[in-house]
>>> print(open('target-v4.cif').read())   # mmCIF, C-alpha atoms (C1' of nucleotides)
data_start
loop_
_atom_site.label_atom_id
_atom_site.label_comp_id
_atom_site.auth_asym_id
_atom_site.auth_seq_id
_atom_site.Cartn_x
_atom_site.Cartn_y
_atom_site.Cartn_z
CA MET F 1 -16.85 7.13 6.59
CA SER F 2 -19.26 6.49 9.41
CA LEU F 3 -17.59 8.03 12.42
CA PRO F 4 -20.03 10.94 12.83
CA HIS F 5 -22.95 8.52 12.68
CA VAL F 6 -21.38 6.15 15.14
CA LEU F 7 -21.05 9.08 17.53
CA LEU F 8 -24.65 10.12 16.95
CA GLY F 9 -25.74 6.55 17.52
CA LEU F 10 -23.89 6.28 20.81
CA LEU F 11 -25.18 9.64 21.97
CA THR F 12 -28.73 8.62 21.14
CA SER F 13 -28.89 6.12 23.97
CA GLN F 14 -27.44 8.65 26.41
CA PRO F 15 -25.40 11.86 26.68
CA ARG F 16 -21.67 11.29 26.98
CA THR F 17 -18.34 13.05 27.07
CA GLY F 18 -15.73 12.62 24.36
CA TYR F 19 -13.79 10.37 26.64
CA ASP F 20 -16.87 8.24 27.30
CA LEU F 21 -17.46 7.95 23.59
CA ALA F 22 -13.92 6.75 23.06
CA ARG F 23 -14.43 4.12 25.72
CA ALA F 24 -17.79 3.05 24.34
CA ILE F 25 -16.27 2.63 20.90
CA ARG F 26 -13.37 0.65 22.27
CA ASP F 27 -15.59 -1.60 24.40
CA ASP F 28 -18.72 -2.03 22.32
CA VAL F 29 -18.33 -0.90 18.73
CA ASP F 30 -14.68 -1.74 18.16
CA PRO F 31 -15.38 -4.88 16.07
CA VAL F 32 -17.32 -2.92 13.46
CA TRP F 33 -15.80 0.53 13.68
CA LYS F 34 -13.01 2.11 15.59
CA ALA F 35 -11.59 5.53 16.19
CA GLU F 36 -8.87 7.17 18.20
CA ILE F 37 -9.77 9.75 20.78
CA SER F 38 -7.83 12.29 18.74
CA GLN F 39 -10.29 11.80 15.92
CA ILE F 40 -13.31 12.05 18.17
CA TYR F 41 -12.74 15.51 19.64
CA PRO F 42 -12.60 17.39 16.34
CA GLU F 43 -15.49 15.32 14.99
CA LEU F 44 -17.65 16.32 17.95
CA ALA F 45 -16.79 19.95 17.33
CA ARG F 46 -17.91 19.52 13.74
CA LEU F 47 -21.16 17.83 14.69
CA ARG F 48 -21.78 20.71 17.04
CA ARG F 49 -21.15 23.29 14.33
CA GLU F 50 -23.71 21.48 12.22
CA GLY F 51 -26.26 21.48 15.01
CA LEU F 52 -26.44 17.70 15.34
CA VAL F 53 -25.24 17.66 18.94
CA LEU F 54 -25.42 20.07 21.84
CA LEU F 55 -22.66 20.71 24.33
CA ARG F 56 -23.11 21.34 28.02
CA VAL F 57 -19.99 22.18 29.99
CA LEU F 58 -19.99 20.65 33.45
CA GLY F 59 -18.07 22.73 35.98
CA PRO F 60 -14.88 21.20 37.40
CA ARG F 61 -16.81 19.15 39.94
CA ARG F 62 -14.49 16.23 39.82
CA GLY F 63 -11.26 16.63 37.95
CA PRO F 64 -11.04 18.97 34.99
CA HIS F 65 -14.14 20.33 33.29
CA ARG F 66 -16.19 17.88 31.28
CA ASN F 67 -17.94 18.45 27.97
CA LEU F 68 -21.18 16.54 27.91
CA TYR F 69 -22.69 16.06 24.48
CA ARG F 70 -26.29 15.19 23.65
CA VAL F 71 -28.01 14.63 20.29
CA THR F 72 -30.42 17.20 18.92
CA ALA F 73 -33.58 16.38 16.99
CA ALA F 74 -31.63 17.14 13.80
CA GLY F 75 -29.00 14.68 14.95
CA ARG F 76 -31.59 11.97 15.43
CA ARG F 77 -33.00 12.69 11.98
CA GLU F 78 -29.53 12.45 10.47
CA LEU F 79 -28.84 9.15 12.23
CA ARG F 80 -32.10 7.79 10.93
CA ARG F 81 -31.37 8.95 7.40
CA TRP F 82 -28.00 7.24 7.50
CA LEU F 83 -29.41 4.02 8.90
CA LEU F 84 -31.96 3.72 6.10
CA GLU F 85 -29.51 4.61 3.38
CA PRO F 86 -28.04 1.56 1.58
CA PRO F 87 -24.49 1.03 2.86
CA PRO F 88 -21.44 1.00 0.57
CA PRO F 89 -19.90 -2.46 0.10
CA PRO F 90 -17.45 -3.28 2.90
CA ARG F 91 -14.01 -2.01 2.04
CA ALA F 92 -11.61 -4.73 1.26
CA ARG F 93 -8.70 -4.13 3.54
CA ASP F 94 -7.24 -7.24 5.03
CA ASP F 95 -3.49 -7.39 5.41
CA GLY F 96 -3.50 -11.12 6.02
CA LEU F 97 -5.58 -11.89 2.96
CA ALA F 98 -3.45 -9.52 0.89
CA ARG F 99 -0.41 -11.62 1.74
CA VAL F 100 -2.13 -14.69 0.33
CA ALA F 101 -2.34 -13.02 -3.06
CA PHE F 102 1.45 -13.06 -3.32
CA LEU F 103 2.33 -16.47 -1.97
CA ASP F 104 3.74 -17.40 -5.39
CA SER F 105 7.14 -16.07 -4.39
CA LEU F 106 7.46 -18.44 -1.46
CA SER F 107 8.24 -22.14 -1.06
CA ALA F 108 5.47 -24.53 -0.09
CA PRO F 109 6.45 -24.74 3.60
CA GLU F 110 6.70 -20.98 3.83
CA ARG F 111 3.28 -20.64 2.29
CA ARG F 112 1.81 -22.83 4.93
CA ALA F 113 3.59 -20.79 7.57
CA VAL F 114 1.99 -17.59 6.24
CA LEU F 115 -1.46 -19.14 6.26
CA ARG F 116 -0.97 -20.47 9.74
CA ALA F 117 0.16 -17.06 10.94
CA TYR F 118 -2.95 -15.48 9.44
CA GLU F 119 -5.11 -18.11 11.07
CA ARG F 120 -3.45 -17.51 14.42
CA VAL F 121 -4.11 -13.80 14.23
CA LEU F 122 -7.75 -14.45 13.44
CA VAL F 123 -8.13 -16.93 16.27
CA GLY F 124 -6.62 -14.39 18.65
CA GLU F 125 -8.94 -11.68 17.46
CA ILE F 126 -11.98 -13.91 17.78
CA ALA F 127 -10.98 -14.88 21.31
CA ARG F 128 -10.47 -11.23 22.21
CA LEU F 129 -13.95 -10.28 21.03
CA ARG F 130 -15.56 -13.26 22.70
CA SER F 131 -13.85 -12.84 26.04
CA ALA F 132 -14.83 -9.18 26.40
CA PRO F 133 -18.12 -8.51 28.18
CA PRO F 134 -20.77 -8.65 25.44
CA PRO F 135 -22.48 -5.33 24.62
CA GLU F 136 -26.22 -4.90 25.01
CA GLY F 137 -28.87 -5.12 22.30
CA PHE F 138 -27.94 -4.63 18.70
CA ARG F 139 -24.38 -3.72 19.49
CA ARG F 140 -24.05 -7.32 20.46
CA ASP F 141 -25.55 -8.48 17.19
CA ALA F 142 -23.12 -6.29 15.31
CA ARG F 143 -20.23 -7.77 17.23
CA ASP F 144 -21.50 -11.25 16.44
CA GLY F 145 -21.64 -10.38 12.78
CA ALA F 146 -18.02 -9.28 12.90
CA VAL F 147 -17.09 -12.53 14.60
CA GLU F 148 -18.85 -14.50 11.89
CA LYS F 149 -16.71 -12.84 9.26
CA LEU F 150 -13.54 -13.55 11.18
CA GLU F 151 -14.50 -17.17 11.69
CA ALA F 152 -15.26 -17.60 8.00
CA ALA F 153 -11.81 -16.26 7.17
CA GLN F 154 -10.27 -18.54 9.74
CA ARG F 155 -11.96 -21.66 8.42
CA TRP F 156 -11.01 -20.69 4.91
CA ALA F 157 -7.35 -20.14 5.79
CA HIS F 158 -7.29 -23.43 7.64
CA ALA F 159 -8.72 -25.30 4.67
CA LEU F 160 -6.36 -23.64 2.20
CA ALA F 161 -3.35 -24.59 4.30
CA GLN F 162 -4.24 -28.26 3.85
CA LYS F 163 -4.63 -28.13 0.11
CA PRO F 164 -2.22 -30.29 -1.89
CA SER F 165 -0.69 -27.26 -3.62
CA LEU F 166 0.53 -26.15 -0.23
CA THR F 167 1.98 -29.51 0.58
CA PRO F 168 5.77 -29.72 0.15
CA GLY F 169 6.84 -30.80 -3.31
CA SER F 170 4.33 -29.06 -5.52
CA GLU F 171 5.78 -25.80 -6.80
CA ALA F 172 3.41 -23.54 -8.71
CA SER F 173 3.95 -23.51 -12.45
CA PRO F 174 4.71 -20.16 -14.09
CA ARG F 175 1.50 -18.24 -14.49
CA ALA F 176 0.06 -17.05 -17.78
CA GLU F 177 -1.22 -13.56 -16.99
CA ARG F 178 -3.43 -11.35 -19.02
CA SER F 179 -2.62 -7.79 -20.09
CA PRO F 180 1.07 -7.36 -19.32
CA ALA F 181 2.96 -4.10 -19.88
CA GLY F 182 3.26 -4.43 -23.64
CA LYS F 183 -0.14 -5.56 -24.81
CA LYS F 184 -1.15 -6.40 -28.33
CA LYS F 185 -4.91 -6.96 -28.37
CA MET B 1 -0.81 -0.26 5.18
CA SER B 2 0.16 -2.75 2.53
CA LEU B 3 0.11 -0.76 -0.67
CA PRO B 4 3.88 -0.73 -1.23
CA HIS B 5 3.98 -4.49 -0.76
CA VAL B 6 1.06 -5.08 -3.07
CA LEU B 7 2.96 -3.13 -5.70
CA LEU B 8 6.14 -5.10 -5.06
CA GLY B 9 4.14 -8.31 -5.29
CA LEU B 10 2.59 -7.38 -8.60
CA LEU B 11 5.93 -6.26 -9.99
CA THR B 12 7.52 -9.52 -8.94
CA SER B 13 5.63 -11.52 -11.52
CA GLN B 14 6.48 -8.99 -14.24
CA PRO B 15 7.57 -5.38 -14.87
CA ARG B 16 4.69 -2.97 -15.25
CA THR B 17 3.83 0.68 -15.65
CA GLY B 18 1.90 2.60 -13.01
CA TYR B 19 -1.17 2.38 -15.18
CA ASP B 20 -0.76 -1.38 -15.52
CA LEU B 21 -0.46 -1.68 -11.77
CA ALA B 22 -3.68 0.25 -11.29
CA ARG B 23 -5.44 -2.11 -13.68
CA ALA B 24 -3.96 -5.21 -12.09
CA ILE B 25 -5.14 -4.03 -8.69
CA ARG B 26 -8.60 -3.27 -9.99
CA ASP B 27 -8.94 -6.59 -11.83
CA ASP B 28 -7.10 -9.03 -9.60
CA VAL B 29 -6.37 -7.69 -6.14
CA ASP B 30 -9.38 -5.44 -5.65
CA PRO B 31 -11.21 -7.83 -3.28
CA VAL B 32 -8.36 -7.79 -0.77
CA TRP B 33 -6.77 -4.41 -1.36
CA LYS B 34 -7.50 -1.44 -3.50
CA ALA B 35 -5.86 1.81 -4.46
CA GLU B 36 -6.50 4.76 -6.71
CA ILE B 37 -4.04 5.54 -9.45
CA SER B 38 -3.33 8.84 -7.73
CA GLN B 39 -1.97 6.90 -4.78
CA ILE B 40 0.11 4.58 -6.91
CA TYR B 41 2.28 7.14 -8.69
CA PRO B 42 3.72 8.76 -5.58
CA GLU B 43 4.12 5.36 -3.94
CA LEU B 44 6.17 4.12 -6.89
CA ALA B 45 8.36 7.20 -6.62
CA ARG B 46 8.91 6.39 -2.95
CA LEU B 47 9.74 2.75 -3.63
CA ARG B 48 12.23 3.97 -6.18
CA ARG B 49 13.86 6.36 -3.73
CA GLU B 50 14.24 3.43 -1.38
CA GLY B 51 15.81 1.27 -4.05
CA LEU B 52 13.08 -1.36 -4.05
CA VAL B 53 12.12 -0.80 -7.67
CA LEU B 54 13.96 0.38 -10.78
CA LEU B 55 12.54 2.66 -13.42
CA ARG B 56 13.17 2.41 -17.12
CA VAL B 57 11.67 5.15 -19.28
CA LEU B 58 10.39 3.85 -22.59
CA GLY B 59 10.58 6.42 -25.39
CA PRO B 60 7.30 7.71 -26.84
CA ARG B 61 6.91 4.69 -29.11
CA ARG B 62 3.20 4.60 -28.84
CA GLY B 63 1.43 7.41 -27.07
CA PRO B 64 3.14 9.35 -24.31
CA HIS B 65 6.28 8.08 -22.61
CA ARG B 66 5.88 5.09 -20.35
CA ASN B 67 7.58 4.43 -17.05
CA LEU B 68 8.27 0.76 -16.69
CA TYR B 69 9.03 -0.41 -13.15
CA ARG B 70 10.77 -3.60 -12.10
CA VAL B 71 11.61 -4.99 -8.66
CA THR B 72 15.17 -5.00 -7.41
CA ALA B 73 16.70 -7.75 -5.29
CA ALA B 74 16.13 -5.51 -2.27
CA GLY B 75 12.50 -5.24 -3.30
CA ARG B 76 12.14 -8.98 -3.41
CA ARG B 77 13.71 -9.27 0.01
CA GLU B 78 11.34 -6.68 1.39
CA LEU B 79 8.32 -8.47 -0.10
CA ARG B 80 9.51 -11.70 1.45
CA ARG B 81 10.04 -10.07 4.82
CA TRP B 82 6.53 -8.66 4.73
CA LEU B 83 4.97 -11.96 3.68
CA LEU B 84 6.54 -13.84 6.57
CA GLU B 85 5.72 -11.17 9.13
CA PRO B 86 2.54 -11.88 11.11
CA PRO B 87 -0.26 -9.67 9.74
CA PRO B 88 -2.18 -7.19 11.90
CA PRO B 89 -5.77 -8.23 12.62
CA PRO B 90 -8.11 -7.18 9.80
CA ARG B 91 -9.38 -3.68 10.42
CA ALA B 92 -12.99 -3.59 11.30
CA ARG B 93 -14.55 -1.18 8.88
CA ASP B 94 -17.89 -2.25 7.60
CA ASP B 95 -20.49 0.45 7.10
CA GLY B 96 -23.32 -2.05 6.82
CA LEU B 97 -22.40 -3.83 10.02
CA ALA B 98 -21.92 -0.50 11.78
CA ARG B 99 -25.54 0.34 11.01
CA VAL B 100 -26.66 -2.83 12.73
CA ALA B 101 -25.13 -1.61 15.98
CA PHE B 102 -27.64 1.25 16.09
CA LEU B 103 -30.83 -0.44 15.03
CA ASP B 104 -32.33 0.32 18.45
CA SER B 105 -33.60 3.66 17.21
CA LEU B 106 -35.72 2.10 14.48
CA SER B 107 -39.02 0.24 14.38
CA ALA B 108 -39.06 -3.48 13.72
CA PRO B 109 -40.00 -3.21 10.02
CA GLU B 110 -37.32 -0.59 9.46
CA ARG B 111 -34.78 -2.81 11.11
CA ARG B 112 -35.58 -5.58 8.72
CA ALA B 113 -35.30 -3.12 5.84
CA VAL B 114 -31.79 -2.14 6.96
CA LEU B 115 -30.70 -5.75 7.20
CA ARG B 116 -32.17 -6.55 3.83
CA ALA B 117 -30.37 -3.58 2.29
CA TYR B 118 -27.08 -4.78 3.77
CA GLU B 119 -27.73 -8.26 2.46
CA ARG B 120 -28.49 -6.90 -0.98
CA VAL B 121 -25.24 -4.96 -1.10
CA LEU B 122 -23.32 -8.07 -0.10
CA VAL B 123 -25.07 -10.22 -2.68
CA GLY B 124 -24.22 -7.63 -5.33
CA GLU B 125 -20.61 -7.51 -4.29
CA ILE B 126 -20.31 -11.29 -4.29
CA ALA B 127 -21.85 -11.48 -7.76
CA ARG B 128 -19.48 -8.80 -9.01
CA LEU B 129 -16.44 -10.71 -7.77
CA ARG B 130 -17.68 -14.01 -9.11
CA SER B 131 -18.62 -12.71 -12.54
CA ALA B 132 -15.22 -11.12 -13.17
CA PRO B 133 -12.62 -13.32 -14.87
CA PRO B 134 -10.88 -15.16 -12.03
CA PRO B 135 -7.24 -14.22 -11.44
CA GLU B 136 -4.49 -16.79 -11.70
CA GLY B 137 -2.79 -18.67 -8.89
CA PHE B 138 -2.88 -17.37 -5.38
CA ARG B 139 -4.57 -14.16 -6.40
CA ARG B 140 -7.55 -16.32 -7.05
CA ASP B 141 -7.31 -17.93 -3.66
CA ALA B 142 -7.16 -14.51 -2.06
CA ARG B 143 -10.25 -13.47 -3.96
CA ASP B 144 -12.02 -16.62 -2.82
CA GLY B 145 -11.11 -15.83 0.77
CA ALA B 146 -12.66 -12.40 0.40
CA VAL B 147 -15.80 -13.97 -1.05
CA GLU B 148 -16.02 -16.34 1.89
CA LYS B 149 -16.05 -13.42 4.27
CA LEU B 150 -18.76 -11.66 2.30
CA GLU B 151 -20.87 -14.79 2.15
CA ALA B 152 -20.55 -15.32 5.88
CA ALA B 153 -21.76 -11.77 6.47
CA GLN B 154 -24.61 -12.29 4.06
CA ARG B 155 -25.79 -15.49 5.70
CA TRP B 156 -25.55 -13.85 9.09
CA ALA B 157 -27.56 -10.81 8.00
CA HIS B 158 -30.16 -13.05 6.45
CA ALA B 159 -30.52 -15.10 9.63
CA LEU B 160 -30.73 -12.03 11.84
CA ALA B 161 -33.50 -10.55 9.70
CA GLN B 162 -35.67 -13.56 10.50
CA LYS B 163 -35.18 -13.45 14.23
CA PRO B 164 -38.32 -12.87 16.31
CA SER B 165 -36.95 -9.59 17.69
CA LEU B 166 -37.05 -8.25 14.15
CA THR B 167 -40.56 -9.42 13.58
CA PRO B 168 -43.22 -6.68 13.81
CA GLY B 169 -44.67 -6.28 17.30
CA SER B 170 -41.62 -6.88 19.48
CA GLU B 171 -40.03 -3.59 20.42
CA ALA B 172 -36.74 -3.76 22.26
CA SER B 173 -36.96 -2.97 25.95
CA PRO B 174 -34.84 -0.09 27.28
CA ARG B 175 -31.26 -1.18 27.67
CA ALA B 176 -29.26 -1.16 30.88
CA GLU B 177 -25.82 0.06 29.84
CA ARG B 178 -22.62 0.02 31.75
CA SER B 179 -20.41 3.03 32.44
CA PRO B 180 -22.52 6.04 31.48
CA ALA B 181 -21.25 9.61 31.67
CA GLY B 182 -21.55 9.89 35.42
CA LYS B 183 -20.18 6.69 36.78
CA LYS B 184 -20.15 5.51 40.36
CA LYS B 185 -18.05 2.38 40.26
"C1'" DC N 1 3.45 12.03 50.72
"C1'" DC N 2 4.60 10.27 46.35
"C1'" DC N 3 3.73 7.37 42.37
"C1'" DG N 4 1.12 5.25 38.99
"C1'" DG N 5 -3.04 4.97 36.74
"C1'" DC N 6 -7.39 6.88 35.44
"C1'" DT N 7 -10.41 10.74 33.87
"C1'" DA N 8 -10.52 14.41 30.70
"C1'" DT N 9 -9.60 17.80 27.02
"C1'" DA N 10 -6.90 19.25 23.26
"C1'" DT N 11 -3.51 19.85 19.50
"C1'" DC N 12 0.05 18.41 16.19
"C1'" DA N 13 2.52 16.20 12.58
"C1'" DA N 14 2.49 12.47 9.65
"C1'" DC N 15 0.58 9.33 6.80
"C1'" DA N 16 -3.30 7.09 4.04
"C1'" DT N 17 -6.87 7.63 0.81
"C1'" DT N 18 -10.10 9.69 -2.37
"C1'" DG N 19 -11.75 12.42 -6.17
"C1'" DA N 20 -10.96 16.00 -9.37
"C1'" DT N 21 -8.32 18.00 -12.81
"C1'" DA N 22 -4.85 18.64 -16.70
"C1'" DT N 23 -2.46 16.97 -20.67
"C1'" DA N 24 -1.89 14.36 -24.86
"C1'" DG N 25 -1.36 10.75 -28.12
"C1'" DT N 26 -3.73 6.26 -29.81
"C1'" DT N 27 -7.21 3.21 -30.94
"C1'" DT N 28 -11.84 1.98 -31.71
"C1'" DT N 29 -16.51 2.89 -33.09
"C1'" DC N 30 -20.22 4.89 -35.50
"C1'" DG K 1 -13.61 11.66 -40.32
"C1'" DA K 2 -15.31 12.93 -35.88
"C1'" DA K 3 -16.33 11.45 -31.44
"C1'" DA K 4 -15.58 8.38 -27.74
"C1'" DA K 5 -12.78 5.45 -25.13
"C1'" DC K 6 -8.40 3.95 -23.75
"C1'" DT K 7 -3.36 4.47 -22.48
"C1'" DA K 8 -0.42 7.07 -19.70
"C1'" DT K 9 1.64 10.36 -16.43
"C1'" DA K 10 1.13 13.66 -12.90
"C1'" DT K 11 -0.49 16.93 -9.32
"C1'" DC K 12 -3.80 18.97 -6.03
"C1'" DA K 13 -6.88 19.72 -2.35
"C1'" DA K 14 -9.62 17.56 0.91
"C1'" DT K 15 -10.58 14.18 4.05
"C1'" DG K 16 -9.72 10.20 7.04
"C1'" DT K 17 -6.77 8.05 10.46
"C1'" DT K 18 -2.99 7.21 13.58
"C1'" DG K 19 0.32 8.11 17.23
"C1'" DA K 20 2.65 11.33 20.04
"C1'" DT K 21 2.56 14.96 23.17
"C1'" DA K 22 0.91 18.43 26.79
"C1'" DT K 23 -1.79 19.60 30.69
"C1'" DA K 24 -3.99 18.72 35.09
"C1'" DG K 25 -6.76 17.11 38.77
"C1'" DC K 26 -8.36 12.86 41.11
"C1'" DC K 27 -7.88 8.33 43.46
"C1'" DG K 28 -5.79 4.42 45.61
"C1'" DG K 29 -1.81 1.92 47.45
"C1'" DG K 30 2.35 1.69 49.74
#
>>> encode(input="target-v4.cif", output="structure tokens")
Amino acid sequence: MSLPHVLLGLLTSQPRTGYDLARAIRDDVDPVWKAEISQIYPELARLRREGLVLLRVLGPRRGPHRNLYRVTAAGRRELRRWLLEPPPPPRARDDGLARVAFLDSLSAPERRAVLRAYERVLVGEIARLRSAPPPEGFRRDARDGAVEKLEAAQRWAHALAQKPSLTPGSEASPRAERSPAGKKK
Amino acid sequence: MSLPHVLLGLLTSQPRTGYDLARAIRDDVDPVWKAEISQIYPELARLRREGLVLLRVLGPRRGPHRNLYRVTAAGRRELRRWLLEPPPPPRARDDGLARVAFLDSLSAPERRAVLRAYERVLVGEIARLRSAPPPEGFRRDARDGAVEKLEAAQRWAHALAQKPSLTPGSEASPRAERSPAGKKK
DNA sequence: CCCGGCTATATCAACATTGATATAGTTTTC
DNA sequence: GAAAACTATATCAATGTTGATATAGCCGGG
């Protein structure tokens, strides 16, 4: 998981409160990583225990008290270490794509409906990311990368929906699968 | 989460044991969804409690006893319901892409190194998926969709690494960010 | 002046996911 | 024939993640 490093990264450009961090993630980093505010507070406490961030409590000037966090030198070092470390492969977790794997059980028109629904969701997501004010610097590049992935999926879904096997009339033939429950080999 | 439906989907084509399901996920569904065996056993128990799968215990013919699961009619209905339901947008969780969002803190050559590392991971993952025996039917299509996404990311990373801003000598200028900790509005 | 919405912190339960460990018979390999 | 790898079930602790809830002051509009 990358949450601690995302927080360190955001705090590197400027000190922020937990609430600010939540907003920054929602507005700028959301396409590549997201987190609920309820995950952020305990994570900040942990980073503090490990000496990667410092906390300064601002007196109740406006509203309730505010906890302003800033990165320490150790925090910067840790961020750097993480950046230069080879990333794990992106985790495959796509509900729409997962549905495609089981289209066998549906009729041809239903299959097309599923693909169209997936495509629609992707189009919506792409529009959402594009319409939001673009982040600055590399955050913007990261967002663009995420959009590229979504667009690739969208084009792919669109193309698959046109394939003859999805056209009414062509039911899939029973599949010959390998390694069933009672295997001989 | 889609794990229960992935299990129902796999059981729809044929009855399987928990172990078989783990293997089928690893071999066939892995690019779109994955799960550890330790997550599968309790999930099967839950599906059984809900009447979506049936369990038949096979006597210790060979090795220890084996629990063979099969879908019920209710299970098939539930799978169908899930398939036709519009999917949530794919969750953005890509460690490599997340790193890109924080390249500001690095020098130009280091930035290129990060992008190249990301690209390398993607190339490896694509090769892994391609070299494995392709699944049958729509599982194969799903895998291809996943590959498309990876390839898009790879092309994007490759292109970004060539951009002039990544070329030695051009440091990013300080960014003007919106909504810092102490905001005026 | 009250209401709704925003800033702000914090905790909780629930669920999802991973990785380690235990057990034990079978099959394959050297 | 012993060791290694595979089949098979199961549980556990730890961690990651989500969604709900509580508190409370501030700000703007009606």
>>> interface_residues(input="target-v4.cif", of="chain K", to="chain B", cutoff="9 Å", atoms="all atoms listed in the file", output="ChimeraX atom specification")
/K:7-11
>>> write_last_selection(input="target-v4.cif", atoms="C-alpha atoms (C1' of nucleotides)", output="compact mmCIF listing (two decimals), in the coordinates of the input")
# COMPACT_ATOMS: atom_id res chain seq x y z
C1' DT K 7 -3.36 4.47 -22.48
C1' DA K 8 -0.42 7.07 -19.70
C1' DT K 9 1.64 10.36 -16.43
C1' DA K 10 1.13 13.66 -12.90
C1' DT K 11 -0.49 16.93 -9.32
>>> resolve_selection(input="target-v4.cif", expression="the PyMOL selection byres ((chain K and resi 18) around 12)", output="mmCIF file with C-alpha atoms (C1' of nucleotides), in the coordinates of the input")
data_model
loop_
_atom_site.group_PDB
_atom_site.id
_atom_site.type_symbol
_atom_site.label_atom_id
_atom_site.label_comp_id
_atom_site.auth_asym_id
_atom_site.auth_seq_id
_atom_site.Cartn_x
_atom_site.Cartn_y
_atom_site.Cartn_z
ATOM 1 C CA LYS F 34 -13.010 2.110 15.590
ATOM 2 C CA ALA F 35 -11.590 5.530 16.190
ATOM 3 C CA GLU F 36 -8.870 7.170 18.200
ATOM 4 C CA ILE F 37 -9.770 9.750 20.780
ATOM 5 C CA SER F 38 -7.830 12.290 18.740
ATOM 6 C CA GLN F 39 -10.290 11.800 15.920
ATOM 7 C CA MET B 1 -0.810 -0.260 5.180
ATOM 8 C "C1'" DC N 12 0.050 18.410 16.190
ATOM 9 C "C1'" DA N 13 2.520 16.200 12.580
ATOM 10 C "C1'" DA N 14 2.490 12.470 9.650
ATOM 11 C "C1'" DC N 15 0.580 9.330 6.800
ATOM 12 C "C1'" DA N 16 -3.300 7.090 4.040
ATOM 13 C "C1'" DG K 16 -9.720 10.200 7.040
ATOM 14 C "C1'" DT K 17 -6.770 8.050 10.460
ATOM 15 C "C1'" DG K 19 0.320 8.110 17.230
ATOM 16 C "C1'" DA K 20 2.650 11.330 20.040
#
>>> closest_atom_pairs(input="target-v4.cif", of="chain N", to="chain F", cutoff="9 Å", atoms="all atoms listed in the file", output="Markdown table")
| residue | atom | partner | partner_atom | distance |
| --- | --- | --- | --- | --- |
| N:DT7 | C1' | F:Gly63 | CA | 7.2 |
| N:DA8 | C1' | F:Pro64 | CA | 6.3 |
| N:DT9 | C1' | F:Arg66 | CA | 7.8 |
| N:DA10 | C1' | F:Tyr41 | CA | 7.8 |
| N:DT11 | C1' | F:Ser38 | CA | 8.7 |
>>> write_last_selection(input="target-v4.cif", atoms="C-alpha atoms (C1' of nucleotides)", output="short mmCIF file (atom, residue, chain, number, x, y, z; two decimals), in the coordinates of the input")
data_model
loop_
_atom_site.label_atom_id
_atom_site.label_comp_id
_atom_site.auth_asym_id
_atom_site.auth_seq_id
_atom_site.Cartn_x
_atom_site.Cartn_y
_atom_site.Cartn_z
"C1'" DT N 7 -10.41 10.74 33.87
"C1'" DA N 8 -10.52 14.41 30.70
"C1'" DT N 9 -9.60 17.80 27.02
"C1'" DA N 10 -6.90 19.25 23.26
"C1'" DT N 11 -3.51 19.85 19.50
#
>>> closest_residue(input="target-v4.cif", among="B:Gly75, B:Pro4, B:Gly9, B:Gly51", to="chain F", atoms="all atoms listed in the file")
B:Gly9
>>> residues_around(input="target-v4.cif", residues="DG1 (chain K)", least_positions_apart="2", cutoff="12 Å", atoms="only C-alpha atoms (C1' of nucleotides)", output="list in words")
DT29 and DC30 of chain N; DA3 of chain K
